[in-house]
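A.B. asks: Supplied structure: my_file-v5.cif, mmCIF, N, CA and C atoms.
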```
data_protein
#
loop_
_atom_site.label_atom_id
_atom_site.label_comp_id
_atom_site.auth_asym_id
_atom_site.auth_seq_id
_atom_site.Cartn_x
_atom_site.Cartn_y
_atom_site.Cartn_z
N MET A 16 0.85 -1.19 0.00
CA MET A 16 0.00 0.00 0.00
C MET A 16 0.89 1.24 0.00
N VAL A 17 0.59 2.17 -0.89
CA VAL A 17 1.39 3.38 -1.04
C VAL A 17 0.76 4.49 -0.21
N LEU A 18 1.59 5.17 0.53
CA LEU A 18 1.09 6.28 1.34
C LEU A 18 1.12 7.57 0.54
N VAL A 19 0.26 8.50 0.93
CA VAL A 19 0.18 9.77 0.24
C VAL A 19 1.50 10.52 0.35
N GLY A 20 2.14 10.46 1.49
CA GLY A 20 3.42 11.14 1.69
C GLY A 20 4.47 10.62 0.73
N ASP A 21 4.46 9.30 0.47
CA ASP A 21 5.41 8.72 -0.47
C ASP A 21 5.17 9.25 -1.89
N LEU A 22 3.88 9.35 -2.27
CA LEU A 22 3.55 9.88 -3.59
C LEU A 22 4.01 11.33 -3.74
N ILE A 23 3.81 12.12 -2.70
CA ILE A 23 4.21 13.52 -2.75
C ILE A 23 5.72 13.64 -2.87
N SER A 24 6.44 12.86 -2.12
CA SER A 24 7.90 12.92 -2.19
C SER A 24 8.40 12.46 -3.57
N LYS A 25 7.79 11.44 -4.16
CA LYS A 25 8.18 11.01 -5.50
C LYS A 25 7.91 12.10 -6.53
N PHE A 26 6.78 12.78 -6.37
CA PHE A 26 6.46 13.87 -7.29
C PHE A 26 7.48 14.98 -7.18
N LYS A 27 7.86 15.34 -5.95
CA LYS A 27 8.84 16.41 -5.75
C LYS A 27 10.19 16.03 -6.34
N GLU A 28 10.55 14.75 -6.26
CA GLU A 28 11.82 14.29 -6.81
C GLU A 28 11.81 14.36 -8.34
N GLN A 29 10.66 14.04 -8.94
CA GLN A 29 10.56 14.01 -10.39
C GLN A 29 10.51 15.40 -11.00
N SER A 30 9.85 16.32 -10.32
CA SER A 30 9.71 17.64 -10.91
C SER A 30 11.00 18.42 -10.73
N GLY A 31 11.55 18.81 -11.86
CA GLY A 31 12.81 19.55 -11.85
C GLY A 31 12.53 21.04 -11.74
N PRO A 32 13.49 21.85 -12.13
CA PRO A 32 13.29 23.29 -12.07
C PRO A 32 12.17 23.70 -13.03
N LYS A 33 11.35 24.59 -12.56
CA LYS A 33 10.19 25.01 -13.35
C LYS A 33 10.53 26.27 -14.12
N ASN A 34 10.08 26.32 -15.36
CA ASN A 34 10.28 27.51 -16.17
C ASN A 34 9.19 28.52 -15.82
N VAL A 35 9.60 29.73 -15.55
CA VAL A 35 8.66 30.79 -15.25
C VAL A 35 8.66 31.74 -16.43
N TYR A 36 7.49 31.93 -17.00
CA TYR A 36 7.37 32.82 -18.14
C TYR A 36 6.65 34.09 -17.71
N ASP A 37 7.26 35.20 -18.01
CA ASP A 37 6.63 36.47 -17.73
C ASP A 37 6.24 37.12 -19.05
N VAL A 38 5.65 38.29 -18.99
CA VAL A 38 5.14 38.94 -20.19
C VAL A 38 6.25 39.25 -21.20
N PRO A 39 7.38 39.83 -20.79
CA PRO A 39 8.43 40.09 -21.79
C PRO A 39 8.93 38.81 -22.47
N THR A 40 9.04 37.73 -21.71
CA THR A 40 9.48 36.46 -22.28
C THR A 40 8.47 35.96 -23.30
N TYR A 41 7.19 36.11 -22.99
CA TYR A 41 6.13 35.68 -23.90
C TYR A 41 6.26 36.41 -25.23
N TYR A 42 6.38 37.75 -25.17
CA TYR A 42 6.45 38.52 -26.40
C TYR A 42 7.75 38.25 -27.16
N GLU A 43 8.84 38.00 -26.44
CA GLU A 43 10.09 37.67 -27.11
C GLU A 43 9.97 36.34 -27.85
N ASN A 44 9.37 35.35 -27.20
CA ASN A 44 9.17 34.05 -27.85
C ASN A 44 8.22 34.18 -29.05
N LYS A 45 7.19 35.00 -28.89
CA LYS A 45 6.24 35.21 -29.98
C LYS A 45 6.94 35.87 -31.17
N ARG A 46 7.78 36.87 -30.90
CA ARG A 46 8.51 37.57 -31.96
C ARG A 46 9.46 36.60 -32.68
N LYS A 47 10.14 35.75 -31.91
CA LYS A 47 11.05 34.77 -32.51
C LYS A 47 10.28 33.80 -33.41
N ALA A 48 9.12 33.35 -32.94
CA ALA A 48 8.32 32.41 -33.72
C ALA A 48 7.84 33.07 -35.02
N GLU A 49 7.43 34.34 -34.94
CA GLU A 49 6.99 35.04 -36.14
C GLU A 49 8.14 35.21 -37.13
N LYS A 50 9.32 35.53 -36.62
CA LYS A 50 10.48 35.66 -37.50
C LYS A 50 10.77 34.33 -38.19
N LYS A 51 10.67 33.24 -37.44
CA LYS A 51 10.94 31.93 -38.01
C LYS A 51 9.92 31.60 -39.10
N ARG A 52 8.63 31.88 -38.83
CA ARG A 52 7.58 31.63 -39.81
C ARG A 52 7.79 32.47 -41.06
N ASN A 53 8.13 33.76 -40.85
CA ASN A 53 8.36 34.64 -42.00
C ASN A 53 9.55 34.17 -42.83
N LYS A 54 10.57 33.71 -42.14
CA LYS A 54 11.76 33.24 -42.84
C LYS A 54 11.42 32.00 -43.67
N GLU A 55 10.63 31.09 -43.09
CA GLU A 55 10.25 29.87 -43.80
C GLU A 55 9.33 30.17 -44.98
N ALA A 56 8.44 31.15 -44.81
CA ALA A 56 7.47 31.47 -45.86
C ALA A 56 8.02 32.50 -46.85
N GLY A 57 9.18 33.00 -46.60
CA GLY A 57 9.74 34.02 -47.49
C GLY A 57 9.52 35.41 -46.94
N GLY A 58 8.46 35.58 -46.17
CA GLY A 58 8.20 36.83 -45.47
C GLY A 58 7.98 38.05 -46.33
N GLY A 59 8.00 37.91 -47.64
CA GLY A 59 7.79 39.07 -48.49
C GLY A 59 9.02 39.94 -48.60
N ARG A 60 10.01 39.71 -47.78
CA ARG A 60 11.24 40.50 -47.84
C ARG A 60 12.38 39.58 -48.25
N GLY A 61 13.25 40.10 -49.05
CA GLY A 61 14.41 39.32 -49.44
C GLY A 61 14.12 38.27 -50.50
N VAL A 62 12.87 38.19 -50.92
CA VAL A 62 12.50 37.21 -51.94
C VAL A 62 12.44 37.95 -53.26
N GLU A 63 13.19 37.48 -54.20
CA GLU A 63 13.18 38.12 -55.50
C GLU A 63 12.09 37.50 -56.37
N LEU A 64 11.23 38.36 -56.85
CA LEU A 64 10.18 37.91 -57.75
C LEU A 64 10.55 38.32 -59.16
N PRO A 65 10.29 37.50 -60.13
CA PRO A 65 10.64 37.87 -61.50
C PRO A 65 9.80 39.06 -61.95
N THR A 66 10.44 40.00 -62.57
CA THR A 66 9.73 41.18 -63.07
C THR A 66 9.42 41.06 -64.54
N TRP A 67 10.15 40.22 -65.23
CA TRP A 67 9.95 40.08 -66.66
C TRP A 67 10.33 38.67 -67.07
N ASN A 68 9.53 38.09 -67.88
CA ASN A 68 9.81 36.75 -68.37
C ASN A 68 10.47 36.89 -69.74
N PRO A 69 11.61 36.25 -69.95
CA PRO A 69 12.32 36.39 -71.24
C PRO A 69 11.50 35.99 -72.46
N LYS A 70 10.51 35.13 -72.29
CA LYS A 70 9.72 34.72 -73.46
C LYS A 70 8.90 35.88 -74.02
N PHE A 71 8.69 36.93 -73.19
CA PHE A 71 7.95 38.08 -73.67
C PHE A 71 8.77 38.92 -74.66
N GLU A 72 10.07 38.71 -74.70
CA GLU A 72 10.93 39.46 -75.63
C GLU A 72 10.57 39.15 -77.08
N SER A 73 10.21 37.91 -77.34
CA SER A 73 9.90 37.51 -78.71
C SER A 73 8.40 37.58 -79.01
N THR A 74 7.62 38.09 -78.06
CA THR A 74 6.17 38.16 -78.24
C THR A 74 5.82 39.49 -78.91
N SER A 75 4.85 39.44 -79.79
CA SER A 75 4.45 40.66 -80.50
C SER A 75 3.62 41.56 -79.58
N GLU A 76 3.51 42.80 -79.99
CA GLU A 76 2.76 43.78 -79.19
C GLU A 76 1.30 43.37 -79.08
N CYS A 77 0.75 42.85 -80.15
CA CYS A 77 -0.65 42.42 -80.15
C CYS A 77 -0.86 41.28 -79.15
N GLU A 78 0.06 40.33 -79.12
CA GLU A 78 -0.05 39.21 -78.18
C GLU A 78 0.08 39.69 -76.74
N LEU A 79 0.96 40.66 -76.51
CA LEU A 79 1.10 41.22 -75.16
C LEU A 79 -0.17 41.94 -74.73
N ARG A 80 -0.77 42.68 -75.64
CA ARG A 80 -2.03 43.36 -75.32
C ARG A 80 -3.13 42.35 -74.99
N ASN A 81 -3.20 41.27 -75.78
CA ASN A 81 -4.18 40.22 -75.50
C ASN A 81 -3.94 39.58 -74.13
N PHE A 82 -2.66 39.39 -73.82
CA PHE A 82 -2.30 38.81 -72.52
C PHE A 82 -2.76 39.72 -71.38
N VAL A 83 -2.56 41.02 -71.54
CA VAL A 83 -2.99 41.99 -70.53
C VAL A 83 -4.50 41.95 -70.38
N VAL A 84 -5.21 41.87 -71.49
CA VAL A 84 -6.68 41.80 -71.44
C VAL A 84 -7.12 40.53 -70.71
N GLU A 85 -6.47 39.41 -70.99
CA GLU A 85 -6.80 38.16 -70.30
C GLU A 85 -6.59 38.30 -68.80
N LEU A 86 -5.48 38.93 -68.42
CA LEU A 86 -5.21 39.13 -66.99
C LEU A 86 -6.28 40.01 -66.34
N GLU A 87 -6.69 41.05 -67.04
CA GLU A 87 -7.73 41.93 -66.50
C GLU A 87 -9.05 41.19 -66.34
N VAL A 88 -9.38 40.35 -67.32
CA VAL A 88 -10.62 39.55 -67.23
C VAL A 88 -10.55 38.61 -66.03
N LYS A 89 -9.41 37.95 -65.86
CA LYS A 89 -9.25 37.04 -64.73
C LYS A 89 -9.34 37.79 -63.41
N LEU A 90 -8.73 38.97 -63.36
CA LEU A 90 -8.78 39.78 -62.15
C LEU A 90 -10.22 40.19 -61.83
N ASN A 91 -10.96 40.61 -62.84
CA ASN A 91 -12.38 40.97 -62.63
C ASN A 91 -13.19 39.76 -62.18
N ASN A 92 -12.92 38.60 -62.77
CA ASN A 92 -13.63 37.38 -62.35
C ASN A 92 -13.35 37.07 -60.88
N LEU A 93 -12.10 37.22 -60.48
CA LEU A 93 -11.75 36.97 -59.07
C LEU A 93 -12.44 37.95 -58.14
N LYS A 94 -12.48 39.22 -58.54
CA LYS A 94 -13.17 40.23 -57.73
C LYS A 94 -14.65 39.90 -57.60
N ASN A 95 -15.27 39.52 -58.71
CA ASN A 95 -16.69 39.16 -58.69
C ASN A 95 -16.93 37.93 -57.81
N ARG A 96 -16.05 36.96 -57.91
CA ARG A 96 -16.19 35.75 -57.10
C ARG A 96 -16.06 36.07 -55.62
N LYS A 97 -15.09 36.91 -55.29
CA LYS A 97 -14.90 37.32 -53.89
C LYS A 97 -16.14 38.04 -53.37
N GLU A 98 -16.68 38.95 -54.18
CA GLU A 98 -17.88 39.68 -53.79
C GLU A 98 -19.06 38.72 -53.62
N SER A 99 -19.20 37.78 -54.52
CA SER A 99 -20.28 36.79 -54.44
C SER A 99 -20.16 35.95 -53.17
N MET A 100 -18.93 35.54 -52.87
CA MET A 100 -18.72 34.73 -51.67
C MET A 100 -19.04 35.53 -50.41
N SER A 101 -18.68 36.81 -50.38
CA SER A 101 -18.98 37.62 -49.20
C SER A 101 -20.48 37.83 -49.06
N LYS A 102 -21.19 37.99 -50.20
CA LYS A 102 -22.66 38.11 -50.15
C LYS A 102 -23.28 36.83 -49.62
N THR A 103 -22.78 35.69 -50.09
CA THR A 103 -23.30 34.40 -49.62
C THR A 103 -23.08 34.25 -48.13
N LYS A 104 -21.91 34.67 -47.67
CA LYS A 104 -21.59 34.57 -46.24
C LYS A 104 -22.54 35.44 -45.43
N ARG A 105 -22.81 36.66 -45.94
CA ARG A 105 -23.74 37.55 -45.24
C ARG A 105 -25.14 36.96 -45.20
N ARG A 106 -25.57 36.33 -46.33
CA ARG A 106 -26.89 35.71 -46.37
C ARG A 106 -27.00 34.57 -45.36
N ARG A 107 -25.92 33.79 -45.26
CA ARG A 107 -25.93 32.68 -44.31
C ARG A 107 -26.09 33.19 -42.88
N LYS A 108 -25.38 34.28 -42.57
CA LYS A 108 -25.51 34.85 -41.23
C LYS A 108 -26.93 35.32 -40.99
N THR A 109 -27.55 35.94 -42.01
CA THR A 109 -28.93 36.41 -41.88
C THR A 109 -29.87 35.24 -41.67
N VAL A 110 -29.70 34.16 -42.43
CA VAL A 110 -30.56 32.99 -42.30
C VAL A 110 -30.39 32.38 -40.91
N ARG A 111 -29.15 32.29 -40.43
CA ARG A 111 -28.93 31.74 -39.09
C ARG A 111 -29.62 32.58 -38.03
N SER A 112 -29.52 33.91 -38.15
CA SER A 112 -30.15 34.76 -37.14
C SER A 112 -31.67 34.64 -37.24
N ASP A 113 -32.20 34.52 -38.48
CA ASP A 113 -33.65 34.34 -38.65
C ASP A 113 -34.09 33.02 -38.02
N CYS A 114 -33.30 31.96 -38.23
CA CYS A 114 -33.64 30.65 -37.66
C CYS A 114 -33.61 30.69 -36.15
N SER A 115 -32.62 31.38 -35.58
CA SER A 115 -32.56 31.43 -34.13
C SER A 115 -33.74 32.23 -33.57
N THR A 116 -34.17 33.26 -34.30
CA THR A 116 -35.35 34.03 -33.88
C THR A 116 -36.59 33.14 -33.91
N ILE A 117 -36.73 32.34 -34.97
CA ILE A 117 -37.87 31.43 -35.09
C ILE A 117 -37.82 30.39 -33.97
N ASP A 118 -36.62 29.85 -33.69
CA ASP A 118 -36.47 28.88 -32.60
C ASP A 118 -36.88 29.49 -31.27
N ASP A 119 -36.51 30.74 -31.03
CA ASP A 119 -36.89 31.42 -29.79
C ASP A 119 -38.40 31.58 -29.71
N GLN A 120 -39.03 31.93 -30.84
CA GLN A 120 -40.48 32.10 -30.85
C GLN A 120 -41.18 30.77 -30.59
N VAL A 121 -40.71 29.71 -31.20
CA VAL A 121 -41.32 28.39 -31.00
C VAL A 121 -41.15 27.96 -29.54
N ALA A 122 -39.98 28.18 -28.98
CA ALA A 122 -39.75 27.81 -27.58
C ALA A 122 -40.66 28.60 -26.66
N SER A 123 -40.84 29.89 -26.94
CA SER A 123 -41.71 30.69 -26.08
C SER A 123 -43.16 30.22 -26.21
N GLN A 124 -43.60 29.85 -27.42
CA GLN A 124 -44.96 29.33 -27.60
C GLN A 124 -45.13 28.00 -26.87
N MET A 125 -44.12 27.14 -26.92
CA MET A 125 -44.19 25.86 -26.22
C MET A 125 -44.28 26.09 -24.71
N ASP A 126 -43.51 27.05 -24.21
CA ASP A 126 -43.56 27.36 -22.77
C ASP A 126 -44.96 27.83 -22.38
N SER A 127 -45.57 28.67 -23.23
CA SER A 127 -46.91 29.18 -22.89
C SER A 127 -47.93 28.04 -22.94
N ILE A 128 -47.78 27.10 -23.86
CA ILE A 128 -48.70 25.95 -23.94
C ILE A 128 -48.56 25.10 -22.68
N VAL A 129 -47.32 24.85 -22.26
CA VAL A 129 -47.09 24.06 -21.06
C VAL A 129 -47.67 24.76 -19.85
N GLU A 130 -47.53 26.10 -19.77
CA GLU A 130 -48.10 26.86 -18.66
C GLU A 130 -49.61 26.74 -18.64
N MET A 131 -50.22 26.88 -19.83
CA MET A 131 -51.69 26.81 -19.90
C MET A 131 -52.17 25.43 -19.50
N ASP A 132 -51.47 24.38 -19.94
CA ASP A 132 -51.85 23.02 -19.58
C ASP A 132 -51.70 22.79 -18.09
N SER A 133 -50.64 23.33 -17.50
CA SER A 133 -50.45 23.11 -16.06
C SER A 133 -51.50 23.87 -15.26
N MET A 134 -51.95 25.01 -15.79
CA MET A 134 -52.99 25.77 -15.11
C MET A 134 -54.33 25.05 -15.20
N ASN A 135 -54.57 24.32 -16.28
CA ASN A 135 -55.81 23.60 -16.47
C ASN A 135 -55.76 22.21 -15.85
N GLY A 136 -54.61 21.84 -15.29
CA GLY A 136 -54.49 20.56 -14.63
C GLY A 136 -54.12 19.41 -15.55
N LYS A 137 -53.82 19.73 -16.78
CA LYS A 137 -53.39 18.69 -17.73
C LYS A 137 -51.90 18.47 -17.57
N VAL A 138 -51.51 17.24 -17.75
CA VAL A 138 -50.09 16.91 -17.72
C VAL A 138 -49.67 16.51 -19.13
N THR A 139 -48.67 17.17 -19.65
CA THR A 139 -48.19 16.84 -20.98
C THR A 139 -46.82 16.18 -20.86
N SER A 140 -46.56 15.28 -21.76
CA SER A 140 -45.24 14.62 -21.72
C SER A 140 -44.50 14.82 -23.01
#
```
What does this structure look like when you write it as structure tokens?
C.D. replies:
Amino acid sequence: MVLVGDLISKFKEQSGPKNVYDVPTYYENKRKAEKKRNKEAGGGRGVELPTWNPKFESTSECELRNFVVELEVKLNNLKNRKESMSKTKRRRKTVRSDCSTIDDQVASQMDSIVEMDSMNGKVTS
């Protein structure tokens, strides 16, 4: 049979020095983690992005203009899609709030029915 005192002493022996974290240490660790993440992801700094593709040197002006038009169309499509998705998200929030309002109304009606039945001596299950 193990005594409580023995368990406590074993716990004290196992637990080594405890790390104490204060606010400055927290923010320092957070800053280090962000730097590490930025470094791994490229961080937007120090990453060279190509500014010109050599294949465009041999491309005609007409083809470059068509390419620009295609990019503009794709950009507009993305903007429209983003706007559509945000509208859908707003509609979903509205539907959820409407449903919760309806649920509240139904619950209040059920409560009033139960009250009326209890006042009339009826028992509902």
A.B. asks: Measure the distance from CA of Asn53 in chain A to CA of Thr40 in chain A in Å and round it to one decimal.
C.D. replies: 19.8 Å
A.B. asks: Report the distance between atom C of Leu90 in chain A and atom N of Glu55 in chain A in Å, rounded to one decimal place.
C.D. replies: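 Going from atom C of Leu90 in chain A over to atom N of Glu55 in chain A, I get 29.5 Å.
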A.B. asks: By how many Å are CA of Glu72 in chain A and CA of Glu85 in chain A apart?
C.D. replies: 18.6 Å
